[in-house]
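Coordinates from protein-v4.cif are shown below (mmCIF, C-alpha atoms (C1' of nucleotides)).
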data_my_file
loop_
_atom_site.label_atom_id
_atom_site.label_comp_id
_atom_site.auth_asym_id
_atom_site.auth_seq_id
_atom_site.Cartn_x
_atom_site.Cartn_y
_atom_site.Cartn_z
CA MET A 254 -12.30 40.42 54.65
CA LYS A 255 -10.45 39.00 57.56
CA GLN A 256 -6.92 40.17 58.14
CA ILE A 257 -4.81 37.15 57.36
CA THR A 258 -2.83 35.92 60.28
CA GLY A 259 0.40 37.43 59.11
CA THR A 260 2.42 34.27 59.05
CA LYS A 261 1.26 33.21 55.63
CA GLN A 262 1.67 36.75 54.34
CA LYS A 263 5.16 37.09 55.74
CA ILE A 264 6.20 33.83 54.15
CA LEU A 265 4.83 34.87 50.78
CA ASP A 266 6.49 38.27 50.85
CA THR A 267 9.85 36.95 51.95
CA ALA A 268 9.76 34.07 49.51
CA GLU A 269 8.95 36.39 46.64
CA ARG A 270 11.89 38.59 47.49
CA LEU A 271 14.39 35.80 48.01
CA PHE A 272 13.31 33.73 45.01
CA GLY A 273 13.76 36.83 42.89
CA GLU A 274 17.15 37.60 44.34
CA ARG A 275 18.68 34.14 44.40
CA GLY A 276 16.48 31.91 42.30
CA TYR A 277 14.30 29.03 43.36
CA ASP A 278 16.99 26.42 43.84
CA GLY A 279 19.26 29.01 45.38
CA THR A 280 16.80 29.82 48.15
CA SER A 281 16.30 27.38 50.99
CA LEU A 282 13.14 27.25 53.04
CA ARG A 283 15.28 27.74 56.10
CA HIS A 284 16.55 30.98 54.72
CA ILE A 285 13.02 32.15 54.05
CA ILE A 286 11.70 31.28 57.49
CA ALA A 287 14.70 32.87 59.17
CA GLU A 288 14.08 36.18 57.45
CA ALA A 289 10.35 35.97 57.88
CA GLY A 290 10.69 35.03 61.53
CA VAL A 291 8.40 32.03 61.38
CA ASN A 292 8.71 28.32 61.92
CA LEU A 293 9.81 25.90 59.26
CA ALA A 294 6.77 23.69 59.54
CA ALA A 295 4.49 26.68 59.04
CA VAL A 296 5.54 26.71 55.41
CA HIS A 297 4.36 23.18 54.90
CA TYR A 298 1.24 23.81 56.88
CA HIS A 299 0.21 26.75 54.72
CA PHE A 300 1.56 25.67 51.38
CA GLY A 301 2.33 21.98 51.46
CA SER A 302 5.70 22.13 49.76
CA LYS A 303 8.34 24.49 48.44
CA GLN A 304 6.98 24.15 44.93
CA GLU A 305 3.48 25.03 45.99
CA LEU A 306 4.84 28.04 47.83
CA LEU A 307 6.43 29.19 44.60
CA ASP A 308 3.17 28.51 42.89
CA GLU A 309 1.31 30.88 45.18
CA VAL A 310 4.01 33.53 44.90
CA VAL A 311 3.57 33.50 41.16
CA LEU A 312 -0.20 33.36 41.34
CA ARG A 313 -0.39 36.50 43.45
CA LYS A 314 1.42 38.54 40.83
CA ALA A 315 0.38 36.84 37.64
CA GLY A 316 -3.28 37.70 38.03
CA PRO A 317 -2.97 41.49 37.74
CA VAL A 318 -0.39 41.22 34.96
CA ASN A 319 -2.62 38.98 32.91
CA GLU A 320 -5.64 41.20 33.43
CA ALA A 321 -3.71 44.23 32.27
CA ARG A 322 -2.43 42.36 29.27
CA LEU A 323 -5.86 41.23 28.20
CA ALA A 324 -7.34 44.69 28.72
CA LEU A 325 -4.69 46.14 26.42
CA LEU A 326 -5.30 43.45 23.88
CA ASP A 327 -9.02 44.15 23.95
CA ARG A 328 -8.39 47.82 23.28
CA ILE A 329 -6.00 47.11 20.48
CA GLU A 330 -8.35 44.71 18.80
CA ALA A 331 -11.23 47.16 19.18
CA GLU A 332 -9.16 49.90 17.60
CA ALA A 333 -8.17 47.68 14.73
CA GLY A 334 -11.79 46.89 13.99
CA ARG A 335 -12.16 43.94 11.69
CA ARG A 336 -8.57 44.02 10.53
CA PRO A 337 -5.94 42.21 12.59
CA PRO A 338 -3.84 44.53 14.78
CA ALA A 339 -0.18 45.12 14.01
CA VAL A 340 2.36 42.69 15.37
CA GLU A 341 4.07 45.51 17.25
CA LYS A 342 0.89 46.43 19.06
CA VAL A 343 0.27 42.89 20.17
CA LEU A 344 3.81 42.44 21.41
CA GLU A 345 3.68 45.69 23.32
CA ALA A 346 0.46 44.67 24.99
CA PHE A 347 2.07 41.42 25.97
CA LEU A 348 5.31 42.85 27.32
CA GLY A 349 4.15 46.17 28.72
CA PRO A 350 2.24 45.05 31.81
CA MET A 351 5.08 42.80 32.84
CA VAL A 352 7.31 45.83 32.68
CA GLU A 353 5.02 47.98 34.74
CA SER A 354 4.90 45.27 37.32
CA ALA A 355 8.66 45.30 37.17
CA GLU A 356 8.85 48.97 37.95
CA ARG A 357 6.81 48.56 41.08
CA ASN A 358 8.56 45.38 42.06
CA PRO A 359 11.78 44.63 40.18
CA GLN A 360 12.19 41.31 41.95
CA PHE A 361 9.12 39.84 40.38
CA VAL A 362 10.11 40.09 36.76
CA ARG A 363 13.47 38.82 37.77
CA LEU A 364 11.74 35.81 39.23
CA MET A 365 9.72 35.28 36.08
CA GLY A 366 12.84 35.24 34.00
CA ARG A 367 14.59 32.95 36.43
CA MET A 368 11.75 30.51 36.44
CA HIS A 369 11.73 30.24 32.72
CA ALA A 370 15.41 29.78 33.15
CA GLU A 371 15.45 27.13 35.81
CA GLY A 372 13.45 24.84 33.58
CA LEU A 373 9.98 26.27 33.94
CA ILE A 374 9.40 24.30 37.10
CA PRO A 375 7.04 21.53 36.06
CA GLY A 376 4.30 23.69 34.68
CA ILE A 377 3.79 26.66 36.90
CA LEU A 378 4.27 29.28 34.25
CA ARG A 379 2.14 27.42 31.83
CA LYS A 380 -0.54 27.08 34.43
CA HIS A 381 -0.75 30.74 35.32
CA PHE A 382 -0.02 32.36 31.99
CA GLN A 383 -1.42 29.95 29.46
CA PRO A 384 -4.96 31.29 29.42
CA ALA A 385 -3.86 34.83 28.65
CA ALA A 386 -1.00 33.70 26.46
CA SER A 387 -3.21 31.70 24.18
CA ARG A 388 -5.32 34.74 23.40
CA PHE A 389 -2.14 36.54 22.41
CA LEU A 390 -1.11 33.61 20.34
CA ALA A 391 -4.36 33.82 18.45
CA ALA A 392 -3.99 37.57 17.95
CA LEU A 393 -0.47 37.18 16.64
CA ARG A 394 -1.62 34.39 14.41
CA ARG A 395 -4.19 36.66 12.84
CA ALA A 396 -1.61 39.37 12.37
CA LEU A 397 0.65 36.95 10.52
CA PRO A 398 -1.57 35.02 8.14
CA GLY A 399 1.29 34.27 5.78
CA LEU A 400 3.16 31.91 8.10
CA SER A 401 2.63 28.19 8.29
CA GLU A 402 1.43 26.91 11.62
CA GLN A 403 4.75 25.25 12.30
CA GLU A 404 6.84 28.24 11.36
CA PHE A 405 4.65 30.38 13.53
CA LEU A 406 5.03 28.13 16.58
CA TRP A 407 8.78 28.09 16.23
CA ARG A 408 8.86 31.83 16.14
CA MET A 409 6.77 31.97 19.28
CA HIS A 410 9.47 29.90 20.91
CA PHE A 411 12.19 32.19 19.70
CA MET A 412 10.25 35.07 21.17
CA ILE A 413 9.76 33.39 24.51
CA GLY A 414 13.44 32.60 24.74
CA ALA A 415 14.49 36.15 23.95
CA MET A 416 11.96 37.53 26.39
CA ALA A 417 12.87 35.25 29.25
CA HIS A 418 16.56 35.76 28.84
CA THR A 419 16.14 39.50 28.68
CA MET A 420 14.05 39.64 31.81
CA CYS A 421 16.28 37.34 33.72
CA ARG A 422 19.71 38.57 32.89
CA SER A 423 19.19 42.24 32.26
CA PRO A 424 19.97 43.52 35.74
CA GLU A 425 23.50 42.26 35.65
CA PHE A 426 23.96 43.55 32.16
CA PRO A 427 26.55 46.14 31.13
CA GLY A 428 25.10 49.35 29.79
CA ALA A 429 21.62 48.51 30.99
CA ALA A 430 20.55 51.38 33.19
CA ALA A 431 18.52 49.79 35.93
CA GLY A 432 15.34 51.77 35.40
CA ASP A 433 15.52 51.67 31.65
CA VAL A 434 12.88 49.02 31.26
CA ARG A 435 10.75 50.87 28.75
CA SER A 436 13.48 51.14 26.18
CA ARG A 437 14.35 47.52 26.78
CA ILE A 438 10.83 46.66 25.73
CA ALA A 439 10.94 48.98 22.76
CA ARG A 440 14.09 47.29 21.56
CA LEU A 441 12.63 43.84 22.05
CA VAL A 442 9.45 44.74 20.21
CA VAL A 443 11.36 46.05 17.21
CA PHE A 444 13.64 43.04 17.10
CA LEU A 445 10.89 40.48 17.48
CA SER A 446 8.45 42.11 15.10
CA ALA A 447 11.05 42.07 12.38
CA GLY A 448 11.73 38.43 13.08
CA PHE A 449 8.05 37.55 12.97
CA ARG A 450 7.54 39.39 9.73
CA ALA A 451 10.47 37.80 7.95
CA PRO A 452 9.54 35.55 5.04
CA ALA A 453 9.65 31.89 6.00
CA PRO A 454 12.83 30.05 4.99
CA ARG A 455 12.73 27.57 2.18
CA LEU A 456 13.68 24.28 3.76
CA ARG A 457 15.47 21.44 2.08
CA ARG A 458 13.71 18.15 2.61
CA SER A 459 15.42 17.30 5.87
CA ARG A 460 18.50 15.10 5.44
CA MET B 186 49.33 8.78 25.50
CA LYS B 187 48.55 6.86 28.61
CA GLN B 188 45.20 5.20 28.85
CA ILE B 189 43.39 7.17 31.48
CA THR B 190 42.52 5.13 34.51
CA GLY B 191 38.95 4.59 33.50
CA THR B 192 37.41 5.93 36.64
CA LYS B 193 37.70 9.54 35.56
CA GLN B 194 36.50 8.67 32.09
CA LYS B 195 33.52 6.73 33.34
CA ILE B 196 32.50 9.59 35.56
CA LEU B 197 32.73 12.07 32.73
CA ASP B 198 30.72 9.95 30.32
CA THR B 199 28.02 9.17 32.81
CA ALA B 200 27.80 12.74 34.03
CA GLU B 201 27.47 14.05 30.50
CA ARG B 202 24.61 11.71 29.80
CA LEU B 203 22.75 12.31 33.03
CA PHE B 204 23.23 16.08 33.06
CA GLY B 205 21.82 16.15 29.56
CA GLU B 206 18.87 13.99 30.47
CA ARG B 207 17.90 15.49 33.80
CA GLY B 208 19.72 18.78 34.12
CA TYR B 209 22.45 19.77 36.52
CA ASP B 210 20.38 20.27 39.64
CA GLY B 211 18.30 17.25 38.76
CA THR B 212 21.31 14.95 38.77
CA SER B 213 22.89 13.95 42.05
CA LEU B 214 26.47 12.82 42.33
CA ARG B 215 25.20 9.68 43.96
CA HIS B 216 23.17 8.91 40.87
CA ILE B 217 26.20 9.43 38.69
CA ILE B 218 28.50 7.21 40.72
CA ALA B 219 25.90 4.49 40.94
CA GLU B 220 25.60 4.28 37.17
CA ALA B 221 29.30 4.67 36.62
CA GLY B 222 30.10 2.06 39.24
CA VAL B 223 32.61 4.17 41.13
CA ASN B 224 32.93 5.64 44.59
CA LEU B 225 31.50 8.98 45.63
CA ALA B 226 34.78 10.35 46.88
CA ALA B 227 36.38 9.60 43.53
CA VAL B 228 34.38 12.43 42.02
CA HIS B 229 35.80 14.91 44.47
CA TYR B 230 39.23 13.45 44.09
CA HIS B 231 39.26 13.82 40.31
CA PHE B 232 37.20 16.97 39.90
CA GLY B 233 36.98 18.73 43.22
CA SER B 234 33.30 19.49 43.14
CA LYS B 235 30.12 18.89 41.24
CA GLN B 236 30.48 22.23 39.48
CA GLU B 237 34.00 21.47 38.34
CA LEU B 238 32.80 18.13 37.05
CA LEU B 239 30.26 19.96 34.95
CA ASP B 240 33.00 22.28 33.87
CA GLU B 241 35.06 19.43 32.47
CA VAL B 242 32.07 17.85 30.82
CA VAL B 243 31.47 21.06 28.95
CA LEU B 244 35.12 21.60 28.18
CA ARG B 245 35.45 18.23 26.48
CA LYS B 246 32.73 19.09 23.99
CA ALA B 247 33.13 22.80 23.66
CA GLY B 248 36.60 22.63 22.16
CA PRO B 249 35.68 20.88 18.88
CA VAL B 250 32.54 22.97 18.48
CA ASN B 251 34.46 26.18 18.85
CA GLU B 252 37.14 25.06 16.43
CA ALA B 253 34.55 24.22 13.81
CA ARG B 254 32.83 27.51 14.34
CA LEU B 255 35.99 29.52 13.90
CA ALA B 256 37.01 27.55 10.83
CA LEU B 257 33.67 28.34 9.22
CA LEU B 258 33.99 31.97 10.16
CA ASP B 259 37.44 32.11 8.62
CA ARG B 260 36.11 30.72 5.38
CA ILE B 261 33.20 33.09 5.29
CA GLU B 262 35.37 36.09 5.95
CA ALA B 263 37.83 34.97 3.31
CA GLU B 264 35.04 34.60 0.77
CA ALA B 265 33.68 38.01 1.60
CA GLY B 266 37.04 39.62 0.98
CA ARG B 267 37.23 43.14 2.35
CA ARG B 268 33.50 43.50 2.66
CA PRO B 269 31.80 42.27 5.83
CA PRO B 270 30.03 38.93 5.41
CA ALA B 271 26.24 38.73 5.53
CA VAL B 272 24.55 38.42 8.89
CA GLU B 273 22.99 35.14 7.82
CA LYS B 274 26.35 33.62 7.03
CA VAL B 275 27.78 34.57 10.38
CA LEU B 276 24.81 33.21 12.26
CA GLU B 277 24.94 29.96 10.33
CA ALA B 278 28.59 29.54 11.13
CA PHE B 279 27.80 30.11 14.77
CA LEU B 280 24.86 27.77 15.02
CA GLY B 281 25.82 25.07 12.54
CA PRO B 282 28.62 23.29 14.44
CA MET B 283 26.52 23.15 17.56
CA VAL B 284 23.90 21.40 15.50
CA GLU B 285 26.28 18.91 14.04
CA SER B 286 27.51 18.14 17.49
CA ALA B 287 23.89 17.66 18.41
CA GLU B 288 23.37 15.11 15.68
CA ARG B 289 26.21 12.99 16.96
CA ASN B 290 25.28 13.48 20.57
CA PRO B 291 21.84 14.95 21.16
CA GLN B 292 22.40 15.05 24.89
CA PHE B 293 25.11 17.64 24.63
CA VAL B 294 23.16 20.41 22.99
CA ARG B 295 20.42 19.64 25.40
CA LEU B 296 22.86 20.22 28.19
CA MET B 297 24.04 23.48 26.68
CA GLY B 298 20.53 24.78 26.57
CA ARG B 299 19.83 23.60 30.06
CA MET B 300 22.90 25.28 31.42
CA HIS B 301 21.97 28.57 29.93
CA ALA B 302 18.64 27.90 31.41
CA GLU B 303 19.62 26.94 34.92
CA GLY B 304 21.25 30.31 35.36
CA LEU B 305 24.45 29.87 33.37
CA ILE B 306 26.14 28.31 36.35
CA PRO B 307 28.49 31.00 37.54
CA GLY B 308 30.42 31.48 34.38
CA ILE B 309 31.11 28.16 32.78
CA LEU B 310 29.61 28.96 29.45
CA ARG B 311 31.27 32.31 29.36
CA LYS B 312 34.58 30.69 30.18
CA HIS B 313 34.48 28.10 27.43
CA PHE B 314 32.69 29.97 24.71
CA GLN B 315 33.73 33.55 25.20
CA PRO B 316 36.92 33.41 23.14
CA ALA B 317 35.15 32.09 20.06
CA ALA B 318 32.03 34.10 20.73
CA SER B 319 33.85 37.38 20.81
CA ARG B 320 35.19 36.81 17.31
CA PHE B 321 31.64 36.26 16.15
CA LEU B 322 30.54 39.33 17.97
CA ALA B 323 33.12 41.33 16.06
CA ALA B 324 32.08 39.81 12.75
CA LEU B 325 28.42 40.57 13.39
CA ARG B 326 29.37 44.05 14.45
CA ARG B 327 31.06 44.64 11.11
CA ALA B 328 28.05 43.25 9.28
CA LEU B 329 25.78 45.69 11.09
CA PRO B 330 27.55 49.04 11.05
CA GLY B 331 24.35 51.00 11.36
CA LEU B 332 23.52 49.91 14.93
CA SER B 333 24.65 51.74 18.03
CA GLU B 334 26.85 49.74 20.33
CA GLN B 335 24.14 49.51 22.93
CA GLU B 336 21.44 48.45 20.51
CA PHE B 337 23.77 45.87 19.11
CA LEU B 338 24.57 44.38 22.49
CA TRP B 339 20.91 44.11 23.38
CA ARG B 340 20.22 42.29 20.17
CA MET B 341 23.00 39.87 20.94
CA HIS B 342 21.19 39.12 24.17
CA PHE B 343 17.91 38.57 22.39
CA MET B 344 19.71 36.18 20.10
CA ILE B 345 21.30 34.26 22.93
CA GLY B 346 17.97 33.92 24.67
CA ALA B 347 16.23 32.63 21.58
CA MET B 348 19.07 30.24 20.87
CA ALA B 349 19.29 28.83 24.34
CA HIS B 350 15.59 28.35 24.69
CA THR B 351 15.39 26.66 21.33
CA MET B 352 18.19 24.26 22.12
CA CYS B 353 16.89 23.47 25.54
CA ARG B 354 13.23 23.03 24.98
CA SER B 355 13.02 21.78 21.44
CA PRO B 356 13.02 18.05 22.14
CA GLU B 357 9.79 18.21 24.07
CA PHE B 358 8.22 20.44 21.49
CA PRO B 359 5.11 19.61 19.51
CA GLY B 360 5.64 19.37 15.80
CA ALA B 361 9.39 19.32 16.12
CA ALA B 362 10.55 16.19 14.40
CA ALA B 363 13.45 14.96 16.47
CA GLY B 364 16.05 14.85 13.72
CA ASP B 365 14.93 18.06 12.12
CA VAL B 366 17.73 20.14 13.52
CA ARG B 367 18.83 21.65 10.26
CA SER B 368 15.52 23.28 9.57
CA ARG B 369 15.40 24.46 13.13
CA ILE B 370 18.61 26.32 12.48
CA ALA B 371 17.37 27.66 9.17
CA ARG B 372 14.31 29.05 10.90
CA LEU B 373 16.33 30.59 13.67
CA VAL B 374 18.76 32.21 11.24
CA VAL B 375 15.97 33.80 9.25
CA PHE B 376 14.22 35.06 12.35
CA LEU B 377 17.32 36.46 13.99
CA SER B 378 18.77 38.02 10.85
CA ALA B 379 15.58 39.95 10.33
CA GLY B 380 15.69 41.10 13.93
CA PHE B 381 19.29 42.20 13.66
CA ARG B 382 18.63 44.10 10.48
CA ALA B 383 15.61 45.97 11.77
CA PRO B 384 16.08 49.72 12.11
CA ALA B 385 16.80 50.73 15.69
CA PRO B 386 13.81 52.03 17.63
CA ARG B 387 13.56 55.71 18.43
CA LEU B 388 13.60 55.86 22.19
CA ARG B 389 11.93 58.46 24.34
CA ARG B 390 14.31 59.90 26.90
CA SER B 391 13.59 57.34 29.59
CA ARG B 392 11.03 58.54 32.11
"C1'" DG C 78 -7.17 25.82 63.15
"C1'" DT C 79 -2.26 27.47 63.85
"C1'" DC C 80 1.95 26.76 64.93
"C1'" DT C 81 6.32 24.40 67.27
"C1'" DA C 82 9.75 20.87 68.03
"C1'" DT C 83 11.95 17.33 66.27
"C1'" DA C 84 13.17 13.54 63.41
"C1'" DC C 85 13.98 11.49 58.70
"C1'" DT C 86 16.13 11.08 54.18
"C1'" DG C 87 19.21 12.42 50.74
"C1'" DA C 88 22.27 16.04 48.95
"C1'" DG C 89 27.48 17.80 48.43
"C1'" DA C 90 31.71 17.95 50.75
"C1'" DT C 91 35.90 16.39 53.49
"C1'" DA C 92 39.45 13.91 56.48
"C1'" DG C 93 42.03 10.22 56.92
"C1'" DA C 94 42.97 5.09 56.62
"C1'" DC C 95 44.67 2.00 53.23
"C1'" DG D 167 44.44 6.71 43.87
"C1'" DT D 168 40.67 4.81 46.27
"C1'" DC D 169 37.26 4.06 49.80
"C1'" DT D 170 34.92 4.49 54.46
"C1'" DA D 171 33.03 7.32 57.68
"C1'" DT D 172 31.28 11.49 58.86
"C1'" DC D 173 29.78 16.46 58.55
"C1'" DT D 174 26.52 19.98 57.31
"C1'" DC D 175 22.55 21.50 55.25
"C1'" DA D 176 18.80 20.72 52.10
"C1'" DG D 177 13.34 19.46 51.82
"C1'" DT D 178 9.94 16.89 54.01
"C1'" DA D 179 6.86 14.50 57.54
"C1'" DT D 180 4.63 14.00 61.83
"C1'" DA D 181 3.21 14.41 66.74
"C1'" DG D 182 1.39 17.25 69.58
"C1'" DA D 183 1.11 22.05 72.16
"C1'" DC D 184 -1.87 25.99 72.18
#
Let me see whether you can do it: turn the structure in this file into structure tokens.
Amino acid sequence: MKQITGTKQKILDTAERLFGERGYDGTSLRHIIAEAGVNLAAVHYHFGSKQELLDEVVLRKAGPVNEARLALLDRIEAEAGRRPPAVEKVLEAFLGPMVESAERNPQFVRLMGRMHAEGLIPGILRKHFQPAASRFLAALRRALPGLSEQEFLWRMHFMIGAMAHTMCRSPEFPGAAAGDVRSRIARLVVFLSAGFRAPAPRLRRSR
Amino acid sequence: MKQITGTKQKILDTAERLFGERGYDGTSLRHIIAEAGVNLAAVHYHFGSKQELLDEVVLRKAGPVNEARLALLDRIEAEAGRRPPAVEKVLEAFLGPMVESAERNPQFVRLMGRMHAEGLIPGILRKHFQPAASRFLAALRRALPGLSEQEFLWRMHFMIGAMAHTMCRSPEFPGAAAGDVRSRIARLVVFLSAGFRAPAPRLRRSR
DNA sequence: GTCTATACTGAGATAGAC
DNA sequence: GTCTATCTCAGTATAGAC
């Protein structure tokens, strides 16, 4: 385990902080290197491009979050035995670890929300979260056998939107005590579970 | 009614199209002026800045949408008499006109979603939609007397997130027939109504 | 292998001639 | 009202010092 030179580390740390504070587009490489006290070209040497820097910032944090999520899901599924676990449980397992990460490092969840916001960046989120997310998708699917595949996918999208927006905008939100992340999750879980459980709409043949 | 010079109009039309197609950050002024066949400085002469150009693009479309929304809300409230109208009705009145606008001009709703996404741009959406939105907020509030103010506001945020994400990302979405906007709305309304109606969570004193 | 200096291209903005 | 020229600041690329 060699101690990494420091330059790369400093860039990562500073980038994580600034991306979280001001967004990806809102943070210039020059701002990052100024605060980190390194040279501009060092960024491209170590990471190749601004996007790849972001990629590594996300990667560093996404790993632990995903592991925690999957561990929770394992436990929940074990507890449920052969029956599918409750929607609420699955959603909590999905949202909880992100929240704990947020408590240790508020900037990170902010960044997650922002990234979803800024258009997902080509596919970074998908890349890092897809593997874990698809297991949750399957678990939710089992918990909601009554929904058509299409209806189910739409509801996943509604969920993702609500989640991202909540993570991203909550700090600047009236009445949202800064540290009150747990109740934020509780509220989200209740809201989303009810939405997921709602009977599917009867649709007129379109047009 | 003087015929506007043409330059301003051309810029607006082109900007609306390109912003919708490639997002705000993804569209350079130079790209806009090239397609519109005008000079770069003309943009700053007529609009002042790229942001203010976006502002006017939104303004041009937001007006009719808001009028339609409020007209629907009036009708619904009249029909309901002294009783508050159903959550579903209010949500439909809110989402419907946006959808109709989308059918005439798919790019616009796309842009709306994207703007929410790209970080709201300082306050453009708030500026143009707040007046109408606050009447809807009041109507929803009356339809949901059981919720605490705070719970209610959070749920509004969940709704906005789901809405924005759905508008923004739906075109590139598997299984989403392009023209199938009406059923998209129906699904959203069902999902959100159920969420709004869910009993509020019991929250542990935080921490 | 690491890092620095510097140059290149394209962005938004602005002053001033016409 | 319109256009040219120019400014500043992005992200990126490369040559070469250590």
Give one line per residue of chain A that approaches chain D to at most 12 Å, naming the two atoms of the closest pair and their distance in Å to one decimal, counting all atoms listed in the file; sort by chain then ascending residue number and deliver it as a tab-separated table.
residue	atom	partner	partner_atom	distance
A:Asp278	CA	D:DA176	C1'	10.2
A:Gly279	CA	D:DA176	C1'	10.7
A:Thr280	CA	D:DA176	C1'	10.1
A:Ser281	CA	D:DA176	C1'	7.2
A:Leu282	CA	D:DG177	C1'	7.9
A:Arg283	CA	D:DA176	C1'	8.8
A:His284	CA	D:DA176	C1'	10.8
A:Leu293	CA	D:DT178	C1'	10.4
A:Ala294	CA	D:DT178	C1'	9.3
A:Val296	CA	D:DT178	C1'	10.9
A:His297	CA	D:DT178	C1'	8.5
A:Tyr298	CA	D:DA179	C1'	10.9
A:Gly301	CA	D:DT178	C1'	9.5
A:Ser302	CA	D:DT178	C1'	8.0
A:Lys303	CA	D:DG177	C1'	7.9
A:Gln304	CA	D:DG177	C1'	10.5
Test item: residues at most 10 Å from region 342-352 of chain A, only C-alpha atoms (C1' of nucleotides), excluding those fewer than 6 positions along its chain, as a ChimeraX atom specification: /A:314-315,317-330,358-359,361-362,365,385-386,389-390,392-393,396,412,416,420,434-435,437-439,441-443,445-446
Distance-based interface of chain C with chain A, 10 Å, counting only C-alpha atoms (C1' of nucleotides), as a list in words: DT79, DC80, DT81 and DA82 of chain C
Distance query 9 Å from (21.7, 40.6, 5.2) using all atoms listed in the file, result as number ranges by chain: B: 270-274, 328-329, 378-379, 381-382
Residue neighbourhood Glu305 (chain A), 12 Å, only C-alpha atoms (C1' of nucleotides), exclusion window fewer than 4 positions, as number ranges by chain: A: 265, 268, 277, 296-301, 309-312, 374-377
Check: which chain B residues lie within 8 Å of chain A using all atoms listed in the file, as a count of residues only: 40
Gap from CA of Gly205 (chain B) to CA of Ile217 (chain B) - Å, one decimal: 12.2 Å
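CA of Phe272 (chain A) sits 6.3 Å away from CA of Leu364 (chain A).
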Per-axis box centre and lengths in Å around region 441-457 of chain A, 5 Å margin per side, axis-aligned, as AutoDock Vina command-line options:
--center_x 11.5 --center_y 33.7 --center_z 12.1 --size_x 17.9 --size_y 34.6 --size_z 30.0
